[in-house]
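The next block is my_file02.pdb, given as PDB, C-alpha atoms and all ligand atoms.
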ATOM      1  CA  MET S 284      97.629 109.304  91.988  1.00  0.00           C
ATOM      2  CA  ARG S 285      97.351 113.036  91.356  1.00  0.00           C
ATOM      3  CA  ILE S 286      97.668 114.930  88.098  1.00  0.00           C
ATOM      4  CA  GLY S 287      98.902 118.497  87.578  1.00  0.00           C
ATOM      5  CA  PHE S 288      99.226 120.888  84.671  1.00  0.00           C
ATOM      6  CA  GLY S 289     101.500 123.905  84.277  1.00  0.00           C
ATOM      7  CA  THR S 290     102.162 126.551  81.669  1.00  0.00           C
ATOM      8  CA  ASP S 291     104.658 129.391  81.370  1.00  0.00           C
ATOM      9  CA  ILE S 292     105.532 132.120  78.894  1.00  0.00           C
ATOM     10  CA  HIS S 293     108.511 134.444  78.666  1.00  0.00           C
ATOM     11  CA  ALA S 294     109.348 137.248  76.250  1.00  0.00           C
ATOM     12  CA  PHE S 295     112.679 137.295  74.460  1.00  0.00           C
ATOM     13  CA  GLY S 296     114.965 140.169  75.398  1.00  0.00           C
ATOM     14  CA  PRO S 297     118.593 141.165  75.288  1.00  0.00           C
ATOM     15  CA  GLY S 298     121.066 138.315  75.562  1.00  0.00           C
ATOM     16  CA  ASP S 299     122.793 135.550  73.664  1.00  0.00           C
ATOM     17  CA  SER S 300     121.331 132.385  75.169  1.00  0.00           C
ATOM     18  CA  VAL S 301     118.193 130.888  76.648  1.00  0.00           C
ATOM     19  CA  VAL S 302     117.797 128.176  79.274  1.00  0.00           C
ATOM     20  CA  ILE S 303     115.182 125.533  78.515  1.00  0.00           C
ATOM     21  CA  ALA S 304     114.612 122.471  80.703  1.00  0.00           C
ATOM     22  CA  GLY S 305     117.841 123.195  82.535  1.00  0.00           C
ATOM     23  CA  VAL S 306     119.927 123.293  79.352  1.00  0.00           C
ATOM     24  CA  ARG S 307     121.489 126.550  78.104  1.00  0.00           C
ATOM     25  CA  LEU S 308     121.156 127.000  74.350  1.00  0.00           C
ATOM     26  CA  PRO S 309     122.980 129.662  72.332  1.00  0.00           C
ATOM     27  CA  HIS S 310     120.441 132.023  70.775  1.00  0.00           C
ATOM     28  CA  SER S 311     120.290 135.408  69.110  1.00  0.00           C
ATOM     29  CA  ARG S 312     118.267 136.680  72.078  1.00  0.00           C
ATOM     30  CA  GLY S 313     117.913 136.118  75.810  1.00  0.00           C
ATOM     31  CA  VAL S 314     114.776 135.926  77.924  1.00  0.00           C
ATOM     32  CA  ARG S 315     113.218 138.664  80.051  1.00  0.00           C
ATOM     33  CA  ALA S 316     112.710 137.200  83.510  1.00  0.00           C
ATOM     34  CA  HIS S 317     113.351 137.662  87.202  1.00  0.00           C
ATOM     35  CA  SER S 318     114.984 134.234  87.318  1.00  0.00           C
ATOM     36  CA  ASP S 319     116.836 132.489  84.485  1.00  0.00           C
ATOM     37  CA  GLY S 320     113.499 132.422  82.611  1.00  0.00           C
ATOM     38  CA  ASP S 321     113.402 128.670  82.028  1.00  0.00           C
ATOM     39  CA  VAL S 322     109.839 128.273  80.706  1.00  0.00           C
ATOM     40  CA  ALA S 323     109.992 124.472  80.744  1.00  0.00           C
ATOM     41  CA  LEU S 324     111.073 124.163  84.376  1.00  0.00           C
ATOM     42  CA  HIS S 325     108.606 126.867  85.426  1.00  0.00           C
ATOM     43  CA  ALA S 326     105.751 125.011  83.737  1.00  0.00           C
ATOM     44  CA  LEU S 327     107.002 121.806  85.337  1.00  0.00           C
ATOM     45  CA  CYS S 328     107.131 123.374  88.821  1.00  0.00           C
ATOM     46  CA  ASP S 329     103.576 124.657  88.388  1.00  0.00           C
ATOM     47  CA  ALA S 330     102.416 121.204  87.303  1.00  0.00           C
ATOM     48  CA  LEU S 331     104.116 119.617  90.323  1.00  0.00           C
ATOM     49  CA  LEU S 332     102.674 122.167  92.752  1.00  0.00           C
ATOM     50  CA  GLY S 333      99.263 121.854  91.123  1.00  0.00           C
ATOM     51  CA  ALA S 334      99.253 118.082  91.415  1.00  0.00           C
ATOM     52  CA  ALA S 335     100.091 118.329  95.114  1.00  0.00           C
ATOM     53  CA  GLY S 336      97.526 121.070  95.751  1.00  0.00           C
ATOM     54  CA  LEU S 337     100.282 123.478  96.771  1.00  0.00           C
ATOM     55  CA  GLY S 338      99.374 126.564  94.746  1.00  0.00           C
ATOM     56  CA  ASP S 339     101.721 127.923  92.118  1.00  0.00           C
ATOM     57  CA  ILE S 340     105.303 128.953  91.498  1.00  0.00           C
ATOM     58  CA  GLY S 341     104.566 132.637  92.154  1.00  0.00           C
ATOM     59  CA  MET S 342     103.440 131.833  95.710  1.00  0.00           C
ATOM     60  CA  HIS S 343     106.595 129.877  96.486  1.00  0.00           C
ATOM     61  CA  PHE S 344     109.130 132.039  94.617  1.00  0.00           C
ATOM     62  CA  PRO S 345     107.696 135.595  94.391  1.00  0.00           C
ATOM     63  CA  ASP S 346     109.346 137.706  91.690  1.00  0.00           C
ATOM     64  CA  THR S 347     109.348 140.583  94.188  1.00  0.00           C
ATOM     65  CA  ASP S 348     111.786 138.630  96.374  1.00  0.00           C
ATOM     66  CA  PRO S 349     115.411 139.533  95.572  1.00  0.00           C
ATOM     67  CA  LYS S 350     116.360 136.049  96.793  1.00  0.00           C
ATOM     68  CA  TRP S 351     115.099 134.622  93.479  1.00  0.00           C
ATOM     69  CA  LYS S 352     116.639 137.261  91.190  1.00  0.00           C
ATOM     70  CA  GLY S 353     118.560 135.467  88.465  1.00  0.00           C
ATOM     71  CA  ALA S 354     117.679 132.185  90.179  1.00  0.00           C
ATOM     72  CA  ASP S 355     118.707 128.921  88.568  1.00  0.00           C
ATOM     73  CA  SER S 356     115.366 127.221  87.899  1.00  0.00           C
ATOM     74  CA  ARG S 357     116.964 123.852  88.605  1.00  0.00           C
ATOM     75  CA  GLU S 358     117.197 125.037  92.222  1.00  0.00           C
ATOM     76  CA  LEU S 359     113.506 126.003  92.206  1.00  0.00           C
ATOM     77  CA  THR S 360     112.642 122.578  90.809  1.00  0.00           C
ATOM     78  CA  ARG S 361     114.699 120.762  93.439  1.00  0.00           C
ATOM     79  CA  HIS S 362     112.944 122.824  96.103  1.00  0.00           C
ATOM     80  CA  VAL S 363     109.508 121.857  94.736  1.00  0.00           C
ATOM     81  CA  VAL S 364     110.467 118.172  94.449  1.00  0.00           C
ATOM     82  CA  ALA S 365     111.583 118.252  98.099  1.00  0.00           C
ATOM     83  CA  LEU S 366     108.260 119.827  99.150  1.00  0.00           C
ATOM     84  CA  LEU S 367     106.439 116.990  97.421  1.00  0.00           C
ATOM     85  CA  ALA S 368     108.712 114.305  98.848  1.00  0.00           C
ATOM     86  CA  ALA S 369     108.024 115.656 102.341  1.00  0.00           C
ATOM     87  CA  ARG S 370     104.327 115.040 101.644  1.00  0.00           C
ATOM     88  CA  GLY S 371     104.938 111.500 100.436  1.00  0.00           C
ATOM     89  CA  TYR S 372     104.757 112.120  96.679  1.00  0.00           C
ATOM     90  CA  VAL S 373     107.101 111.008  93.906  1.00  0.00           C
ATOM     91  CA  VAL S 374     106.745 111.645  90.189  1.00  0.00           C
ATOM     92  CA  ALA S 375     105.271 108.823  88.106  1.00  0.00           C
ATOM     93  CA  ASN S 376     105.902 110.654  84.826  1.00  0.00           C
ATOM     94  CA  ALA S 377     106.223 114.129  83.378  1.00  0.00           C
ATOM     95  CA  ASP S 378     105.395 115.260  79.828  1.00  0.00           C
ATOM     96  CA  LEU S 379     106.651 118.669  78.678  1.00  0.00           C
ATOM     97  CA  THR S 380     105.924 120.606  75.499  1.00  0.00           C
ATOM     98  CA  ILE S 381     108.068 123.568  74.440  1.00  0.00           C
ATOM     99  CA  LEU S 382     106.469 126.045  72.036  1.00  0.00           C
ATOM    100  CA  ALA S 383     109.023 128.137  70.176  1.00  0.00           C
ATOM    101  CA  GLU S 384     109.886 129.192  66.658  1.00  0.00           C
ATOM    102  CA  SER S 385     113.527 129.204  67.747  1.00  0.00           C
ATOM    103  CA  PRO S 386     115.817 127.973  69.131  1.00  0.00           C
ATOM    104  CA  ARG S 387     115.188 124.538  67.679  1.00  0.00           C
ATOM    105  CA  ILE S 388     114.944 121.950  70.425  1.00  0.00           C
ATOM    106  CA  GLY S 389     115.543 118.684  68.535  1.00  0.00           C
ATOM    107  CA  ARG S 390     119.212 118.024  69.099  1.00  0.00           C
ATOM    108  CA  HIS S 391     119.010 119.117  72.755  1.00  0.00           C
ATOM    109  CA  ARG S 392     116.033 116.939  73.564  1.00  0.00           C
ATOM    110  CA  ASP S 393     117.974 114.031  75.091  1.00  0.00           C
ATOM    111  CA  GLU S 394     120.012 116.311  77.324  1.00  0.00           C
ATOM    112  CA  MET S 395     116.835 118.070  78.450  1.00  0.00           C
ATOM    113  CA  ARG S 396     115.202 114.747  79.208  1.00  0.00           C
ATOM    114  CA  ARG S 397     118.172 113.572  81.253  1.00  0.00           C
ATOM    115  CA  THR S 398     118.372 116.900  83.077  1.00  0.00           C
ATOM    116  CA  VAL S 399     114.690 116.895  84.005  1.00  0.00           C
ATOM    117  CA  ALA S 400     114.759 113.221  85.025  1.00  0.00           C
ATOM    118  CA  ARG S 401     117.681 113.888  87.344  1.00  0.00           C
ATOM    119  CA  LEU S 402     115.909 116.892  88.899  1.00  0.00           C
ATOM    120  CA  LEU S 403     112.800 114.775  89.484  1.00  0.00           C
ATOM    121  CA  ALA S 404     114.860 111.811  90.749  1.00  0.00           C
ATOM    122  CA  VAL S 405     113.264 109.487  88.193  1.00  0.00           C
ATOM    123  CA  GLU S 406     114.436 107.392  85.240  1.00  0.00           C
ATOM    124  CA  ASP S 407     114.826 109.015  81.824  1.00  0.00           C
ATOM    125  CA  ASN S 408     111.870 107.007  80.481  1.00  0.00           C
ATOM    126  CA  GLN S 409     109.576 108.735  82.994  1.00  0.00           C
ATOM    127  CA  VAL S 410     110.189 112.073  81.279  1.00  0.00           C
ATOM    128  CA  ASN S 411     109.138 113.150  77.792  1.00  0.00           C
ATOM    129  CA  ILE S 412     110.132 116.355  76.015  1.00  0.00           C
ATOM    130  CA  LYS S 413     108.147 117.532  73.018  1.00  0.00           C
ATOM    131  CA  ALA S 414     108.581 120.670  70.940  1.00  0.00           C
ATOM    132  CA  THR S 415     106.503 122.502  68.394  1.00  0.00           C
ATOM    133  CA  THR S 416     106.507 125.771  66.517  1.00  0.00           C
ATOM    134  CA  THR S 417     103.262 127.681  66.067  1.00  0.00           C
ATOM    135  CA  GLU S 418     103.559 127.787  62.269  1.00  0.00           C
ATOM    136  CA  GLY S 419     104.461 131.454  62.356  1.00  0.00           C
ATOM    137  CA  LEU S 420     101.260 132.428  64.175  1.00  0.00           C
ATOM    138  CA  GLY S 421     100.892 134.636  67.221  1.00  0.00           C
ATOM    139  CA  PHE S 422     103.581 136.042  69.514  1.00  0.00           C
ATOM    140  CA  ILE S 423     105.520 132.793  69.407  1.00  0.00           C
ATOM    141  CA  GLY S 424     105.366 132.700  65.639  1.00  0.00           C
ATOM    142  CA  ARG S 425     106.625 136.289  65.461  1.00  0.00           C
ATOM    143  CA  GLY S 426     109.572 135.288  67.638  1.00  0.00           C
ATOM    144  CA  GLU S 427     108.564 137.592  70.501  1.00  0.00           C
ATOM    145  CA  GLY S 428     108.781 134.883  73.122  1.00  0.00           C
ATOM    146  CA  LEU S 429     108.426 131.232  73.932  1.00  0.00           C
ATOM    147  CA  ALA S 430     106.167 129.062  76.068  1.00  0.00           C
ATOM    148  CA  ALA S 431     106.034 125.660  77.697  1.00  0.00           C
ATOM    149  CA  GLN S 432     103.379 123.340  79.054  1.00  0.00           C
ATOM    150  CA  ALA S 433     103.814 120.436  81.446  1.00  0.00           C
ATOM    151  CA  VAL S 434     101.678 117.600  82.753  1.00  0.00           C
ATOM    152  CA  VAL S 435     102.806 115.445  85.660  1.00  0.00           C
ATOM    153  CA  LEU S 436     101.404 112.467  87.499  1.00  0.00           C
ATOM    154  CA  LEU S 437     102.341 112.010  91.139  1.00  0.00           C
ATOM    155  CA  GLN S 438     102.161 108.787  93.078  1.00  0.00           C
ATOM    156  CA  ARG S 439     102.649 107.969  96.731  1.00  0.00           C
ATOM    157  CA  HIS S 440     106.040 106.703  97.887  1.00  0.00           C
ATOM    158  CA  ALA S 441     106.023 102.918  97.824  1.00  0.00           C
ATOM    159  CA  PRO S 442     105.216 101.720 101.365  1.00  0.00           C
ATOM    160  CA  ARG S 443     108.212 100.225 103.194  1.00  0.00           C
TER     161      ARG S 443
HETATM  162 MG    MG W 501     108.388 131.846  84.325  1.00  0.00          MG
END
Show me this structure written as structure tokens.
Ligand code: MG
Amino acid sequence: MRIGFGTDIHAFGPGDSVVIAGVRLPHSRGVRAHSDGDVALHALCDALLGAAGLGDIGMHFPDTDPKWKGADSRELTRHVVALLAARGYVVANADLTILAESPRIGRHRDEMRRTVARLLAVEDNQVNIKATTTEGLGFIGRGEGLAAQAVVLLQRHAPR
């Protein structure tokens, strides 16, 4: 078994929606990012890469590479999951925390969980989505941006 941790932060910017854990939510602002700015999937990808000892998301998807401009982070996640599968790893479970004053995550939580589980090719009960505000403190509290953290456990493919 191998454990990995990931974190990501993005600033809000012009726009009318944000993508979190593969789900697009209407919002008064967008997110400044080279890709779609999905903090939850970026944190998750970093956790997955970290657990496998494969560096970080910036090494695999450099933001200087036009190929990843506006990229759908679900594609990045699928790419990372395939890298891990090629090395004999599958996800045992993933636990994600989204830190944001808004948008509120609650009623989108189940869809996020299903979306992440599908990307990881696991059952819904192997994924957990948590959300918190920062009680008005710091850049998140001031509504300048949002963040996410992820922990994953990898296990070896069951022997055949
Ligand atoms: Mg990011």
Next on the checklist: Suppose a student applies the PyMOL selection byres (((not hetatm)) within 8 of (chain W and resi 501)) to this structure; what residues should they get, written as a PyMOL selection string?
Outcome noted: chain S and resi 291-293+316+318+320-322+325-326
Based on the selection just made, write C-alpha atoms of those residues as a CSV table (one decimal), keeping the file's coordinate frame.
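Wrote out21.csv, looks like this:
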chain,number,residue,atom,x,y,z
S,291,ASP,CA,104.7,129.4,81.4
S,292,ILE,CA,105.5,132.1,78.9
S,293,HIS,CA,108.5,134.4,78.7
S,316,ALA,CA,112.7,137.2,83.5
S,318,SER,CA,115.0,134.2,87.3
S,320,GLY,CA,113.5,132.4,82.6
S,321,ASP,CA,113.4,128.7,82.0
S,322,VAL,CA,109.8,128.3,80.7
S,325,HIS,CA,108.6,126.9,85.4
S,326,ALA,CA,105.8,125.0,83.7
Checklist entry - Between CA of His317 in chain S and CA of Thr360 in chain S, what is the distance, to one decimal in Å? => result 15.5 Å
Checklist entry - So which residues touch range 399-408 of chain S within 8 Å, counting all atoms listed in the file, skipping near sequence neighbours fewer than 4 positions away, as an NGL selection string? => result :S and (304-305 or 357 or 360-361 or 364 or 374 or 395)
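For the file shown, the residue list from the PyMOL selection byres (((chain S and resi 410) around 7) and not hetatm) reads Asn376, Ala377, Asp378, Arg396, Ala400, Asp407, Asn408, Gln409, Asn411 and Ile412 of chain S.
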Checklist entry - In Å, how far is it from CA of Ile286 in chain S to CA of Cys328 in chain S? => result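 Atom-to-atom, CA of Ile286 in chain S and CA of Cys328 in chain S are spaced 12.7 Å apart.
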N, CA and C atoms are needed for range 359-394 of chain S; please write them out as a short mmCIF file (atom, residue, chain, number, x, y, z; two decimals), in the frame of the given file.
data_model
loop_
_atom_site.label_atom_id
_atom_site.label_comp_id
_atom_site.auth_asym_id
_atom_site.auth_seq_id
_atom_site.Cartn_x
_atom_site.Cartn_y
_atom_site.Cartn_z
N LEU S 359 114.94 125.90 91.89
CA LEU S 359 113.51 126.00 92.21
C LEU S 359 112.85 124.63 92.09
N THR S 360 113.23 123.90 91.04
CA THR S 360 112.64 122.58 90.81
C THR S 360 113.01 121.62 91.93
N ARG S 361 114.28 121.64 92.33
CA ARG S 361 114.70 120.76 93.44
C ARG S 361 113.91 121.10 94.70
N HIS S 362 113.69 122.39 94.93
CA HIS S 362 112.94 122.82 96.10
C HIS S 362 111.51 122.27 96.06
N VAL S 363 110.88 122.35 94.88
CA VAL S 363 109.51 121.86 94.74
C VAL S 363 109.46 120.34 94.92
N VAL S 364 110.43 119.64 94.32
CA VAL S 364 110.47 118.17 94.45
C VAL S 364 110.62 117.78 95.92
N ALA S 365 111.41 118.54 96.67
CA ALA S 365 111.58 118.25 98.10
C ALA S 365 110.29 118.50 98.87
N LEU S 366 109.55 119.56 98.50
CA LEU S 366 108.26 119.83 99.15
C LEU S 366 107.31 118.65 98.97
N LEU S 367 107.32 118.11 97.73
CA LEU S 367 106.44 116.99 97.42
C LEU S 367 106.88 115.73 98.16
N ALA S 368 108.19 115.50 98.18
CA ALA S 368 108.71 114.30 98.85
C ALA S 368 108.34 114.32 100.32
N ALA S 369 108.37 115.53 100.92
CA ALA S 369 108.02 115.66 102.34
C ALA S 369 106.56 115.31 102.58
N ARG S 370 105.75 115.39 101.54
CA ARG S 370 104.33 115.04 101.64
C ARG S 370 104.04 113.64 101.12
N GLY S 371 105.10 112.91 100.82
CA GLY S 371 104.94 111.50 100.44
C GLY S 371 104.72 111.27 98.95
N TYR S 372 104.99 112.28 98.11
CA TYR S 372 104.76 112.12 96.68
C TYR S 372 106.07 111.95 95.90
N VAL S 373 106.04 111.09 94.90
CA VAL S 373 107.10 111.01 93.91
C VAL S 373 106.45 111.13 92.53
N VAL S 374 107.25 111.45 91.54
CA VAL S 374 106.74 111.64 90.19
C VAL S 374 106.63 110.30 89.48
N ALA S 375 105.46 110.03 88.93
CA ALA S 375 105.27 108.82 88.11
C ALA S 375 105.77 109.11 86.69
N ASN S 376 105.35 110.22 86.11
CA ASN S 376 105.90 110.65 84.83
C ASN S 376 105.62 112.14 84.61
N ALA S 377 106.39 112.72 83.73
CA ALA S 377 106.22 114.13 83.38
C ALA S 377 106.32 114.25 81.86
N ASP S 378 105.43 115.05 81.28
CA ASP S 378 105.40 115.26 79.83
C ASP S 378 105.42 116.77 79.57
N LEU S 379 106.46 117.24 78.90
CA LEU S 379 106.65 118.67 78.68
C LEU S 379 106.57 118.99 77.19
N THR S 380 105.94 120.11 76.88
CA THR S 380 105.92 120.61 75.50
C THR S 380 106.50 122.02 75.48
N ILE S 381 107.47 122.24 74.60
CA ILE S 381 108.07 123.57 74.44
C ILE S 381 107.55 124.16 73.14
N LEU S 382 107.01 125.36 73.22
CA LEU S 382 106.47 126.04 72.04
C LEU S 382 107.39 127.21 71.70
N ALA S 383 108.08 127.08 70.57
CA ALA S 383 109.02 128.14 70.18
C ALA S 383 109.32 128.03 68.69
N GLU S 384 109.48 129.16 68.07
CA GLU S 384 109.89 129.19 66.66
C GLU S 384 111.39 128.93 66.59
N SER S 385 112.11 129.45 67.58
CA SER S 385 113.53 129.20 67.75
C SER S 385 113.85 129.49 69.21
N PRO S 386 114.91 128.91 69.76
CA PRO S 386 115.82 127.97 69.13
C PRO S 386 115.15 126.63 68.88
N ARG S 387 115.69 125.88 67.95
CA ARG S 387 115.19 124.54 67.68
C ARG S 387 115.64 123.60 68.81
N ILE S 388 114.72 122.76 69.23
CA ILE S 388 114.94 121.95 70.42
C ILE S 388 115.57 120.59 70.09
N GLY S 389 115.25 120.07 68.90
CA GLY S 389 115.54 118.68 68.54
C GLY S 389 116.83 118.08 69.06
N ARG S 390 117.96 118.70 68.74
CA ARG S 390 119.21 118.02 69.10
C ARG S 390 119.57 118.19 70.57
N HIS S 391 118.77 118.96 71.31
CA HIS S 391 119.01 119.12 72.76
C HIS S 391 118.03 118.30 73.58
N ARG S 392 117.13 117.63 72.88
CA ARG S 392 116.03 116.94 73.56
C ARG S 392 116.52 115.89 74.58
N ASP S 393 117.51 115.09 74.19
CA ASP S 393 117.97 114.03 75.09
C ASP S 393 118.61 114.62 76.35
N GLU S 394 119.38 115.69 76.16
CA GLU S 394 120.01 116.31 77.32
C GLU S 394 118.95 116.92 78.25
#
